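What follows is the content of run20.txt, which has compact mmCIF, C-alpha atoms:
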# COMPACT_ATOMS: atom_id res chain seq x y z
CA MET A 41 0.00 0.00 0.00
CA ALA A 42 1.11 3.57 -0.68
CA LYS A 43 1.25 6.29 1.93
CA PRO A 44 -2.35 7.10 2.95
CA ILE A 45 -4.11 10.02 1.28
CA VAL A 46 -6.32 12.33 3.36
CA ALA A 47 -8.67 14.77 1.59
CA ILE A 48 -10.23 17.82 3.23
CA VAL A 49 -13.70 18.46 1.80
CA GLY A 50 -16.68 20.65 2.62
CA ARG A 51 -18.77 23.45 1.20
CA PRO A 52 -17.06 26.76 0.34
CA ASN A 53 -15.77 29.12 3.02
CA VAL A 54 -15.82 26.80 6.04
CA GLY A 55 -12.04 26.99 6.57
CA LYS A 56 -10.64 24.09 4.53
CA SER A 57 -7.56 25.94 3.31
CA THR A 58 -6.87 27.41 6.75
CA LEU A 59 -6.98 23.92 8.26
CA PHE A 60 -4.78 22.58 5.47
CA ASN A 61 -2.18 25.27 6.11
CA LYS A 62 -2.30 24.68 9.87
CA ILE A 63 -1.65 20.95 9.42
CA ALA A 64 0.93 21.40 6.66
CA GLY A 65 2.74 24.03 8.71
CA SER A 66 2.83 26.76 6.09
CA ARG A 67 0.59 28.98 4.02
CA ILE A 68 0.46 26.79 0.94
CA SER A 69 -3.16 27.41 -0.02
CA ILE A 70 -4.49 30.87 -0.74
CA VAL A 71 -6.68 31.92 2.18
CA GLU A 72 -9.31 34.57 1.50
CA ASP A 73 -12.74 35.16 2.99
CA THR A 74 -14.48 34.63 -0.33
CA PRO A 75 -16.22 31.37 -1.29
CA GLY A 76 -14.52 29.48 -4.10
CA VAL A 77 -10.98 30.86 -3.72
CA THR A 78 -9.43 27.37 -3.75
CA ARG A 79 -10.30 26.14 -7.23
CA ASP A 80 -7.64 23.47 -7.51
CA ARG A 81 -6.44 20.88 -5.10
CA ILE A 82 -3.13 21.38 -3.39
CA PHE A 83 -1.25 18.64 -1.59
CA ALA A 84 1.42 18.38 1.09
CA GLN A 85 3.34 15.57 2.78
CA VAL A 86 2.42 15.50 6.46
CA SER A 87 3.74 13.63 9.51
CA TRP A 88 1.79 13.29 12.73
CA LEU A 89 3.45 11.38 15.57
CA ASP A 90 4.61 8.14 13.90
CA LYS A 91 2.31 8.40 10.88
CA SER A 92 2.92 10.01 7.50
CA PHE A 93 0.33 10.79 4.86
CA THR A 94 -0.47 12.96 1.84
CA LEU A 95 -2.93 15.76 2.64
CA ILE A 96 -5.08 17.25 -0.13
CA ASP A 97 -6.94 20.55 -0.01
CA THR A 98 -9.97 20.83 -2.32
CA GLY A 99 -12.31 23.41 -3.69
CA GLY A 100 -15.60 23.72 -1.84
CA ILE A 101 -18.48 21.44 -2.76
CA GLU A 102 -21.70 23.07 -3.91
CA PRO A 103 -23.79 19.93 -4.58
CA ASN A 104 -26.61 21.68 -6.45
CA THR A 105 -25.39 24.51 -8.61
CA ASN A 106 -25.48 25.70 -12.20
CA ASP A 107 -22.35 27.80 -11.78
CA GLU A 108 -19.75 26.22 -14.07
CA ILE A 109 -16.76 26.88 -11.79
CA LEU A 110 -18.57 25.52 -8.74
CA LYS A 111 -19.62 22.46 -10.75
CA GLN A 112 -15.99 21.85 -11.68
CA MET A 113 -14.92 22.30 -8.05
CA ARG A 114 -17.55 19.75 -6.99
CA TYR A 115 -16.23 17.36 -9.62
CA GLN A 116 -12.68 17.81 -8.39
CA ALA A 117 -13.73 17.26 -4.79
CA GLN A 118 -15.52 14.05 -5.83
CA ILE A 119 -12.27 12.82 -7.35
CA ALA A 120 -10.53 13.63 -4.07
CA ILE A 121 -13.11 11.58 -2.17
CA ASP A 122 -12.72 8.67 -4.59
CA MET A 123 -8.94 8.50 -4.21
CA ALA A 124 -8.69 9.30 -0.49
CA ASP A 125 -8.13 6.71 2.23
CA VAL A 126 -9.67 9.01 4.85
CA VAL A 127 -11.80 12.14 4.36
CA ILE A 128 -11.93 15.13 6.70
CA PHE A 129 -15.40 16.69 6.32
CA ILE A 130 -15.18 20.24 7.63
CA THR A 131 -18.20 22.30 8.65
CA ASN A 132 -18.71 25.67 10.37
CA VAL A 133 -20.33 25.97 13.79
CA ARG A 134 -21.31 29.61 13.16
CA ASP A 135 -23.50 28.66 10.19
CA GLY A 136 -24.98 25.60 11.83
CA VAL A 137 -25.90 22.56 9.72
CA THR A 138 -26.91 23.70 6.24
CA ALA A 139 -28.72 21.93 3.42
CA ASN A 140 -25.42 21.73 1.54
CA ASP A 141 -23.81 20.05 4.55
CA TYR A 142 -26.48 17.35 4.38
CA ASP A 143 -25.82 16.92 0.65
CA VAL A 144 -22.06 16.60 1.19
CA ALA A 145 -22.68 14.12 4.02
CA ALA A 146 -24.80 12.05 1.63
CA MET A 147 -21.96 12.03 -0.92
CA LEU A 148 -19.54 10.84 1.73
CA GLN A 149 -21.87 8.12 3.01
CA LYS A 150 -22.27 6.88 -0.55
CA SER A 151 -18.49 6.73 -0.99
CA GLN A 152 -18.20 4.40 2.05
CA LYS A 153 -14.85 6.02 2.88
CA PRO A 154 -13.79 6.57 6.52
CA VAL A 155 -14.83 10.11 7.44
CA VAL A 156 -13.81 12.40 10.30
CA LEU A 157 -16.26 15.25 10.89
CA ALA A 158 -14.60 18.52 11.93
CA VAL A 159 -16.72 21.41 13.22
CA ASN A 160 -14.64 24.53 12.63
CA LYS A 161 -14.57 27.99 14.24
CA VAL A 162 -15.02 26.70 17.79
CA ASP A 163 -12.54 29.33 18.92
CA ASN A 164 -12.86 29.05 22.71
CA VAL A 165 -11.25 26.47 25.01
CA GLY A 166 -13.60 24.30 27.05
CA GLU A 167 -17.08 22.99 26.45
CA PRO A 168 -18.20 23.67 22.85
CA PRO A 169 -21.33 25.78 22.26
CA MET A 170 -24.72 24.10 22.10
CA ASP A 171 -24.80 24.61 18.30
CA PHE A 172 -21.92 22.11 18.06
CA TYR A 173 -24.18 19.19 19.02
CA GLU A 174 -26.45 19.83 16.04
CA PHE A 175 -23.77 18.30 13.78
CA TYR A 176 -24.50 14.81 15.14
CA ASN A 177 -27.57 15.00 12.88
CA LEU A 178 -25.35 14.62 9.79
CA GLY A 179 -24.98 10.92 10.59
CA ILE A 180 -21.24 10.97 9.89
CA GLY A 181 -20.18 10.06 13.39
CA GLU A 182 -18.90 11.95 16.40
CA PRO A 183 -17.79 15.48 15.45
CA VAL A 184 -14.46 17.00 16.54
CA ALA A 185 -14.50 20.64 17.62
CA ILE A 186 -11.62 22.63 16.08
CA SER A 187 -10.41 26.12 15.37
CA SER A 188 -8.32 25.97 12.20
CA THR A 189 -7.21 29.57 12.75
CA HIS A 190 -5.94 29.05 16.31
CA GLY A 191 -5.07 25.35 16.04
CA LEU A 192 -7.44 24.30 18.82
CA GLY A 193 -8.50 20.66 18.56
CA VAL A 194 -6.34 19.99 15.48
CA GLY A 195 -4.24 17.43 17.35
CA ASP A 196 -7.38 15.54 18.38
CA LEU A 197 -8.56 15.69 14.78
CA LEU A 198 -5.29 14.22 13.48
CA ASP A 199 -5.38 11.48 16.13
CA GLU A 200 -8.81 10.51 14.86
CA VAL A 201 -7.69 10.63 11.21
CA CYS A 202 -4.66 8.40 11.85
CA SER A 203 -6.78 5.91 13.80
CA LYS A 204 -8.74 5.26 10.61
CA PHE A 205 -5.72 4.25 8.50
CA SER A 206 -5.83 0.59 7.58
CA SER A 207 -3.39 -1.66 9.42
CA ASP A 208 -1.51 -2.41 6.20
CA ALA A 209 -1.34 1.22 5.02
CA TYR A 210 2.44 1.28 5.49
CA ASP A 211 3.11 -2.37 4.76
CA ASP A 212 4.64 -1.91 1.34
CA ASP A 213 7.66 -4.16 1.78
CA GLU A 214 7.15 -7.60 0.37
CA GLU A 215 10.45 -9.34 0.93
CA GLY A 216 12.66 -9.65 -2.11
CA VAL A 217 10.50 -7.43 -4.37
CA ILE A 218 12.09 -4.46 -6.15
CA LYS A 219 9.53 -1.66 -6.52
CA VAL A 220 10.00 0.22 -9.79
CA ALA A 221 8.12 3.44 -10.60
CA VAL A 222 7.89 4.12 -14.34
CA ILE A 223 7.56 7.89 -14.71
CA GLY A 224 7.68 10.46 -17.47
CA LYS A 225 5.62 12.71 -19.69
CA PRO A 226 2.36 11.44 -21.17
CA ASN A 227 2.74 9.16 -24.19
CA ALA A 228 6.41 8.40 -23.55
CA GLY A 229 5.66 4.67 -23.60
CA LYS A 230 5.34 3.83 -19.91
CA SER A 231 2.32 1.55 -20.27
CA SER A 232 3.75 -0.05 -23.41
CA LEU A 233 6.91 -0.97 -21.51
CA ILE A 234 4.99 -2.73 -18.76
CA ASN A 235 2.72 -4.51 -21.25
CA LYS A 236 5.78 -5.75 -23.13
CA LEU A 237 7.28 -7.12 -19.93
CA LEU A 238 4.07 -8.80 -18.84
CA GLY A 239 3.24 -10.13 -22.27
CA GLU A 240 -0.36 -9.00 -21.92
CA GLU A 241 -2.50 -5.90 -22.25
CA ARG A 242 -2.47 -5.29 -18.49
CA VAL A 243 -2.44 -1.50 -18.87
CA ILE A 244 -4.50 0.48 -21.37
CA VAL A 245 -2.22 1.73 -24.13
CA SER A 246 -3.23 4.65 -26.31
CA ASN A 247 -1.46 7.41 -28.17
CA ILE A 248 -3.84 9.87 -26.54
CA ALA A 249 -1.81 11.60 -23.86
CA GLY A 250 -3.11 11.04 -20.34
CA THR A 251 -4.78 7.66 -20.82
CA THR A 252 -3.39 6.27 -17.57
CA ARG A 253 -5.28 8.11 -14.84
CA ASP A 254 -3.95 6.27 -11.83
CA ALA A 255 -0.93 4.37 -10.59
CA ILE A 256 -1.28 0.71 -11.55
CA ASP A 257 0.75 -2.05 -9.86
CA SER A 258 1.95 -5.06 -11.84
CA PHE A 259 4.04 -7.91 -10.46
CA TYR A 260 6.67 -9.51 -12.67
CA GLU A 261 9.25 -12.21 -12.01
CA LYS A 262 12.34 -13.14 -14.02
CA ASP A 263 15.24 -15.38 -13.05
CA SER A 264 13.89 -15.70 -9.48
CA GLN A 265 13.84 -11.91 -9.02
CA LYS A 266 10.45 -10.33 -8.27
CA TYR A 267 9.59 -6.84 -9.45
CA LEU A 268 6.63 -4.58 -8.72
CA PHE A 269 6.20 -2.18 -11.64
CA ILE A 270 4.16 0.94 -10.90
CA ASP A 271 2.78 2.50 -14.08
CA THR A 272 1.95 6.13 -13.39
CA ALA A 273 -0.02 8.80 -15.14
CA GLY A 274 2.18 10.96 -17.31
CA ILE A 275 3.30 14.19 -15.69
CA ARG A 276 2.60 17.22 -17.84
CA ARG A 277 3.71 20.79 -17.46
CA LYS A 278 1.24 22.72 -15.29
CA SER A 279 0.20 24.93 -18.20
CA LYS A 280 -0.81 21.81 -20.13
CA ILE A 281 -3.06 20.39 -17.43
CA ASP A 282 -6.46 21.35 -18.73
CA GLU A 283 -8.39 18.38 -17.36
CA ASN A 284 -9.16 18.57 -13.66
CA ILE A 285 -8.65 14.86 -13.12
CA GLU A 286 -5.04 15.04 -14.32
CA ARG A 287 -3.94 17.08 -11.33
CA TYR A 288 -4.81 14.13 -9.13
CA SER A 289 -2.96 11.83 -11.50
CA ILE A 290 0.17 13.87 -10.79
CA ILE A 291 -0.28 13.37 -7.05
CA ARG A 292 -0.54 9.63 -7.63
CA ALA A 293 2.59 9.68 -9.81
CA LEU A 294 4.60 11.60 -7.23
CA ALA A 295 3.36 9.27 -4.49
CA SER A 296 4.48 6.32 -6.64
CA VAL A 297 7.99 7.76 -6.82
CA GLU A 298 8.01 8.03 -3.05
CA ARG A 299 7.15 4.36 -2.48
CA SER A 300 9.54 3.03 -5.15
CA ASP A 301 13.07 1.64 -4.84
CA VAL A 302 14.11 2.48 -8.41
CA CYS A 303 12.67 5.02 -10.87
CA VAL A 304 12.70 4.44 -14.61
CA ILE A 305 12.46 7.88 -16.23
CA MET A 306 11.00 7.41 -19.71
CA ILE A 307 12.11 9.84 -22.43
CA ASP A 308 10.55 9.94 -25.90
CA ALA A 309 13.45 9.65 -28.32
CA LEU A 310 11.37 11.19 -31.12
CA GLU A 311 10.69 14.32 -29.06
CA GLY A 312 14.17 14.53 -27.58
CA VAL A 313 15.03 15.68 -24.08
CA THR A 314 12.71 18.42 -22.82
CA GLU A 315 12.60 20.74 -19.84
CA GLN A 316 9.68 18.77 -18.44
CA ASP A 317 11.81 15.59 -18.49
CA THR A 318 14.36 17.29 -16.26
CA LYS A 319 11.65 18.44 -13.83
CA ILE A 320 10.28 14.90 -13.54
CA ALA A 321 13.78 13.52 -13.03
CA GLY A 322 14.49 16.27 -10.51
CA PHE A 323 11.64 15.09 -8.31
CA ALA A 324 13.01 11.53 -8.26
CA HIS A 325 16.48 12.91 -7.51
CA GLU A 326 15.18 15.04 -4.63
CA GLN A 327 13.48 11.98 -3.18
CA GLY A 328 16.85 10.18 -3.20
CA LYS A 329 15.75 7.47 -5.62
CA ALA A 330 18.02 5.28 -7.68
CA CYS A 331 17.32 6.10 -11.33
CA ILE A 332 17.55 4.76 -14.85
CA ILE A 333 16.97 7.11 -17.77
CA ALA A 334 15.27 5.01 -20.47
CA VAL A 335 15.29 6.57 -23.93
CA ASN A 336 12.27 4.89 -25.51
CA LYS A 337 11.18 4.51 -29.16
CA TRP A 338 14.81 4.12 -30.19
CA ASP A 339 13.69 1.77 -32.97
CA ALA A 340 11.85 4.66 -34.66
CA VAL A 341 14.84 7.02 -34.71
CA GLU A 342 16.76 7.47 -37.94
CA LYS A 343 20.34 6.96 -36.95
CA ASP A 344 23.92 6.46 -38.01
CA ASP A 345 26.98 5.36 -36.04
CA LYS A 346 27.09 8.67 -34.13
CA THR A 347 23.41 9.08 -33.21
CA MET A 348 23.48 7.19 -29.91
CA LYS A 349 26.66 8.90 -28.75
CA SER A 350 25.24 12.32 -29.62
CA PHE A 351 21.93 11.60 -27.85
CA ARG A 352 23.76 10.24 -24.80
CA MET A 353 25.85 13.42 -24.57
CA LYS A 354 22.67 15.51 -24.75
CA VAL A 355 21.08 13.49 -21.93
CA GLU A 356 24.23 13.70 -19.79
CA GLU A 357 24.40 17.45 -20.31
CA THR A 358 20.71 18.03 -19.52
CA PHE A 359 20.70 15.70 -16.53
CA GLY A 360 24.01 16.91 -15.13
CA PHE A 361 22.50 17.11 -11.65
CA MET A 362 22.09 13.31 -11.64
CA SER A 363 25.20 12.15 -13.44
CA TYR A 364 24.99 8.87 -11.47
CA ALA A 365 21.89 7.76 -13.43
CA LYS A 366 22.26 4.88 -15.89
CA ILE A 367 21.18 5.69 -19.48
CA VAL A 368 19.63 2.94 -21.62
CA PHE A 369 18.20 3.02 -25.13
CA ILE A 370 15.13 0.83 -25.49
CA SER A 371 12.04 0.13 -27.52
CA ALA A 372 8.96 -0.80 -25.53
CA LYS A 373 7.31 -1.71 -28.82
CA THR A 374 9.89 -4.25 -30.03
CA GLY A 375 11.38 -5.21 -26.66
CA GLN A 376 14.83 -3.96 -27.66
CA ARG A 377 17.22 -3.99 -24.64
CA ILE A 378 14.39 -4.46 -22.12
CA ASP A 379 15.97 -7.62 -20.67
CA ARG A 380 19.20 -5.68 -20.25
CA MET A 381 17.30 -2.90 -18.49
CA LEU A 382 15.89 -5.44 -16.01
CA GLU A 383 19.42 -6.50 -15.13
CA ASP A 384 20.32 -2.83 -14.70
CA ILE A 385 17.37 -2.33 -12.32
CA LYS A 386 18.49 -5.34 -10.28
CA GLU A 387 22.08 -4.10 -10.10
CA ILE A 388 21.13 -0.50 -9.29
CA TYR A 389 18.84 -1.69 -6.50
CA ALA A 390 21.78 -3.63 -5.07
CA GLN A 391 23.91 -0.49 -5.27
CA THR A 392 21.40 1.80 -3.53
CA SER A 393 20.87 -0.84 -0.80
CA ARG A 394 24.58 -1.29 -0.25
CA ARG A 395 26.27 -0.70 3.10
CA ILE A 396 30.00 -0.08 3.48
CA SER A 397 31.83 -0.74 6.74
CA THR A 398 33.23 2.24 8.62
CA GLY A 399 36.72 0.81 8.31
CA MET A 400 36.58 0.57 4.52
CA LEU A 401 35.06 4.05 4.25
CA ASN A 402 37.83 5.62 6.29
CA ASP A 403 40.53 3.85 4.30
CA VAL A 404 39.15 5.56 1.18
CA LEU A 405 38.70 8.85 3.06
CA ASN A 406 42.30 8.87 4.33
CA GLU A 407 43.63 8.15 0.86
CA ALA A 408 41.42 10.88 -0.63
CA THR A 409 42.51 13.56 1.86
CA ALA A 410 46.16 12.59 1.33
CA LYS A 411 45.80 13.04 -2.44
CA GLN A 412 43.92 16.34 -2.18
CA GLN A 413 44.17 18.39 0.98
CA PRO A 414 40.86 19.62 2.48
CA PRO A 415 40.06 23.32 1.92
CA SER A 416 40.98 26.09 4.33
CA ASP A 417 39.61 29.54 5.05
CA LYS A 418 41.43 32.40 6.80
CA GLY A 419 44.20 30.09 7.92
CA LYS A 420 41.90 27.44 9.34
CA ARG A 421 41.85 24.10 7.52
CA LEU A 422 39.02 21.58 7.40
CA LYS A 423 39.74 18.35 9.24
CA ILE A 424 37.63 15.27 8.56
CA TYR A 425 38.03 12.99 11.55
CA TYR A 426 36.07 10.04 10.22
CA MET A 427 33.07 9.01 8.16
CA THR A 428 30.36 6.40 8.70
CA GLN A 429 27.34 5.20 6.74
CA VAL A 430 24.09 5.75 8.63
CA SER A 431 21.53 4.43 6.14
CA ALA A 432 20.89 3.02 2.68
CA ASN A 433 18.29 3.70 -0.05
CA PRO A 434 19.99 6.06 -0.78
CA PRO A 435 23.40 5.48 0.83
CA THR A 436 23.82 8.26 3.40
CA PHE A 437 27.07 9.14 5.13
CA VAL A 438 27.97 11.32 8.09
CA MET A 439 31.35 13.06 8.10
CA PHE A 440 32.59 14.30 11.47
CA VAL A 441 34.68 17.47 11.06
CA ASN A 442 36.27 20.25 13.08
CA ASN A 443 34.16 23.00 11.45
CA SER A 444 31.22 22.23 9.16
CA GLU A 445 31.40 25.71 7.58
CA LEU A 446 34.76 24.79 6.04
CA MET A 447 33.24 21.88 4.08
CA HIS A 448 32.94 23.34 0.57
CA PHE A 449 30.49 21.63 -1.80
CA SER A 450 33.28 21.04 -4.33
CA TYR A 451 35.31 19.07 -1.79
CA GLN A 452 32.25 17.07 -0.81
CA ARG A 453 31.78 16.28 -4.50
CA TYR A 454 35.42 15.17 -4.61
CA ILE A 455 34.83 12.79 -1.67
CA GLU A 456 31.70 11.49 -3.40
CA ASN A 457 33.67 10.78 -6.58
CA GLN A 458 36.30 8.91 -4.59
CA LEU A 459 33.61 6.73 -3.00
CA ARG A 460 32.07 6.01 -6.39
CA THR A 461 35.49 5.07 -7.79
CA ALA A 462 36.10 2.73 -4.87
CA PHE A 463 32.66 1.17 -4.42
CA GLY A 464 30.63 1.82 -7.57
CA PHE A 465 27.24 3.13 -6.44
CA GLU A 466 26.12 3.38 -10.08
CA GLY A 467 22.56 4.57 -10.51
CA THR A 468 22.05 5.87 -6.99
CA PRO A 469 22.48 9.30 -5.45
CA LEU A 470 24.67 9.61 -2.36
CA ARG A 471 23.72 11.80 0.58
CA PHE A 472 26.20 13.47 2.94
CA ILE A 473 25.70 14.99 6.37
CA THR A 474 28.49 17.12 7.86
CA ARG A 475 28.56 17.19 11.64
CA GLU A 476 31.04 18.77 14.00
CA ARG A 477 32.56 16.34 16.48
CA GLY A 478 30.63 16.41 19.72
CA GLU A 479 27.60 17.93 18.00
CA LYS A 480 24.39 16.24 19.06
CA LYS A 481 21.84 15.08 16.53
CA ASN A 482 18.65 17.14 16.73

How does the structure come out when it is put into structure tokens?
Amino acid sequence: MAKPIVAIVGRPNVGKSTLFNKIAGSRISIVEDTPGVTRDRIFAQVSWLDKSFTLIDTGGIEPNTNDEILKQMRYQAQIAIDMADVVIFITNVRDGVTANDYDVAAMLQKSQKPVVLAVNKVDNVGEPPMDFYEFYNLGIGEPVAISSTHGLGVGDLLDEVCSKFSSDAYDDDEEGVIKVAVIGKPNAGKSSLINKLLGEERVIVSNIAGTTRDAIDSFYEKDSQKYLFIDTAGIRRKSKIDENIERYSIIRALASVERSDVCVIMIDALEGVTEQDTKIAGFAHEQGKACIIAVNKWDAVEKDDKTMKSFRMKVEETFGFMSYAKIVFISAKTGQRIDRMLEDIKEIYAQTSRRISTGMLNDVLNEATAKQQPPSDKGKRLKIYYMTQVSANPPTFVMFVNNSELMHFSYQRYIENQLRTAFGFEGTPLRFITRERGEKKN
């Protein structure tokens, strides 16, 4: 299962965006005292105690309206309800229970999704006003009194939300399975790749961009290695997203990256490398995912003996921020080099899961600092006392130094290159944490 998704829904102007910002910890949504300000959904990654989830803000629901914008907002909110694991239904104690509240409650009951009812604008500590008890009539369950502006009751609300997550919501680790997210622009060939691997039409394939609306899981096994391929909706540039449903597809795609071990970034060889390709790859890089850049439709490219080299150089130049990524040239249509790509996925997963002993790390570190002296500033030189690996996926290292301000990014890059020369780490980013000796971890 992926990280749970929690959607905040309700009629306009009850405080959805204010609650979203309070939980997310920043003013992400526009907050204005005018109904209908939030016309798109906005999402944030949230942690509460030991639980993590994706929180979605939605436009207000006006169940019965002829206003085109409000109809679209209702449609978007319905999509949010459909894809959510838990729904926060927010109402407003000052307005009391309205006819629209009853209509929204009916929508939620029909969805059969777990719902937490929040009664907003209860701004005083202590016993809620008598009007609060009217909300039991919605038939959604026991309401929670909150003030999204002041944060009152929000902790109780989140406790209730997390209690409704299924017991297997975070159980995404089937032993021995490599989880692979296939990401890229629409129509790059993601679904075709998975269908070719599976040997069946498991995923709808169409040359109409945006056919895949959701993330679809497909298990595959080869040579005793199990894979879970996650086909995701293509990620378009924001200016190109003219269908409301596609914004939710992006959330699903980004969530798929988060739960994956390896990302296959599909590039359309006929279109060439685009700015949007780099943005998609950048998200996987920021998440610390091992990556393969798969140049698809290579069979359809007119080429000579220099074409592949030229295209590779263009990819390496454009994706300079992730020079560790493996580049493969494939055809999802003919199956060209797909078996080789599977071997690459297996090897890259081994590399990102790799752990190096502290002794071996410091042998390489000592040799590196002997070859190239650490930088100095105003007569004070950086000293790296030792280095240790603290985690994998991606490999993360802590370097203990005399003064962390003296660690220049270029010298850290030098240390990274020395580790890659010594241990490989192909296909995976490396993370470094610089800590002064004696400094306590926050």

Q) In Å, how far is it from atom CA of Lys366 of chain A to atom CA of Pro435 of chain A? A)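 Calculated distance between atom CA of Lys366 of chain A and atom CA of Pro435 of chain A is 16.8 Å.
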
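If you measure from each of A:Ser92, A:Ser371, A:Thr314, A:Thr189 to Val341 of chain A using all atoms listed in the file, the closest one turns out to be A:Ser371.
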
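Nearest to Arg460 of chain A of all the residues A:Leu310, A:Leu178, A:Cys202, A:Ile396 is A:Ile396, based on only C-alpha atoms.
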
Q | Minimum-distance residue to Ile378 of chain A, chosen among A:Leu237, A:Leu294, A:Ile186, A:Ala390 (using all atoms listed in the file) | A |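 Comparing A:Leu237, A:Leu294, A:Ile186, A:Ala390 against Ile378 of chain A, the winner is A:Leu237.
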
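Taking atom CA of Phe437 of chain A as the reference point, atom CA of Glu298 of chain A is found at 20.8 Å.
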
Q) atom CA of Ile119 of chain A and atom CA of Lys329 of chain A are how many Å apart? A)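 Straight-line distance from atom CA of Ile119 of chain A to atom CA of Lys329 of chain A works out to 28.6 Å.
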
Show me, as a short mmCIF file (atom, residue, chain, number, x, y, z; two decimals) with C-alpha atoms, keeping the file's coordinate frame, the residues that have an atom within 10 Å of Phe361 of chain A when counting all atoms listed in the file, minus same-chain residues fewer than 5 positions from it.
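Result file is around.cif:
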data_model
loop_
_atom_site.label_atom_id
_atom_site.label_comp_id
_atom_site.auth_asym_id
_atom_site.auth_seq_id
_atom_site.Cartn_x
_atom_site.Cartn_y
_atom_site.Cartn_z
CA THR A 318 14.36 17.29 -16.26
CA ALA A 321 13.78 13.52 -13.03
CA GLY A 322 14.49 16.27 -10.51
CA HIS A 325 16.48 12.91 -7.51
CA GLU A 356 24.23 13.70 -19.79
CA PRO A 469 22.48 9.30 -5.45
#

Q: Fewer than 6 positions away in the same chain doesn't count, so skip those; otherwise give me all residues within 10 Å of Asn433 of chain A, counting all atoms listed in the file, as a PyMOL selection string.
A: chain A and resi 301-302+328-330+389-395+468-471

**Q.** Point (11.9, -14.6, -13.5) neighbourhood (12 Å, only C-alpha atoms) written as a PyMOL selection string
**A.** chain A and resi 217+237-238+259-267+379+382-383+386

Q: Starting from the point (31.2, 21.7, 9.7), work out which residues of protein, DNA or RNA have an atom no more than 10 Å away when counting all atoms listed in the file; state them as a PyMOL selection string.
A: chain A and resi 422-424+439-448+473-477+479

Please write out, as JSON, where the centre of an axis-aligned box around all listed atoms of segment 340-349 of chain A lies and how long its edges are, in Å to one decimal, after adding 5 Å on each side.
{"center_x": 19.5, "center_y": 6.9, "center_z": -33.4, "size_x": 25.2, "size_y": 14.4, "size_z": 19.3}

**Q.** Nearest candidate to Asp257 of chain A (options A:Leu59, A:Val220, A:Leu233, A:Ile388; using all atoms listed in the file)
**A.** A:Val220

Q: Skip Ile307 of chain A itself and residues of its chain fewer than 4 positions away, then list as a PyMOL selection string all residues within 9 Å of it, counting all atoms listed in the file.
A: chain A and resi 224-225+228-229+311-314+317+333-337

With C-alpha atoms retained, export the selected residues as a compact mmCIF listing (two decimals), in the coordinates of the input.
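Okay, result36.txt is ready:
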# COMPACT_ATOMS: atom_id res chain seq x y z
CA GLY A 224 7.68 10.46 -17.47
CA LYS A 225 5.62 12.71 -19.69
CA ALA A 228 6.41 8.40 -23.55
CA GLY A 229 5.66 4.67 -23.60
CA GLU A 311 10.69 14.32 -29.06
CA GLY A 312 14.17 14.53 -27.58
CA VAL A 313 15.03 15.68 -24.08
CA THR A 314 12.71 18.42 -22.82
CA ASP A 317 11.81 15.59 -18.49
CA ILE A 333 16.97 7.11 -17.77
CA ALA A 334 15.27 5.01 -20.47
CA VAL A 335 15.29 6.57 -23.93
CA ASN A 336 12.27 4.89 -25.51
CA LYS A 337 11.18 4.51 -29.16

Q: Write out as an NGL selection string the residues lying within 9 Å of segment 134-136 of chain A, counting all atoms listed in the file and excluding same-chain residues fewer than 4 positions away.
A: :A and (54 or 160-162 or 171-172 or 174-175)

Q. With only C-alpha atoms as the basis for distance, which of A:Ile96, A:Gly181, A:Asp143, A:Phe269 is at the shortest distance from Ala221 of chain A?
A.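 Closest candidate: A:Phe269.
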
Q) Of the candidates A:Phe60, A:Arg51, A:Ser258, A:Pro168, which shows the shortest atom-to-atom distance to Ala145 of chain A, using all atoms listed in the file? A) A:Arg51
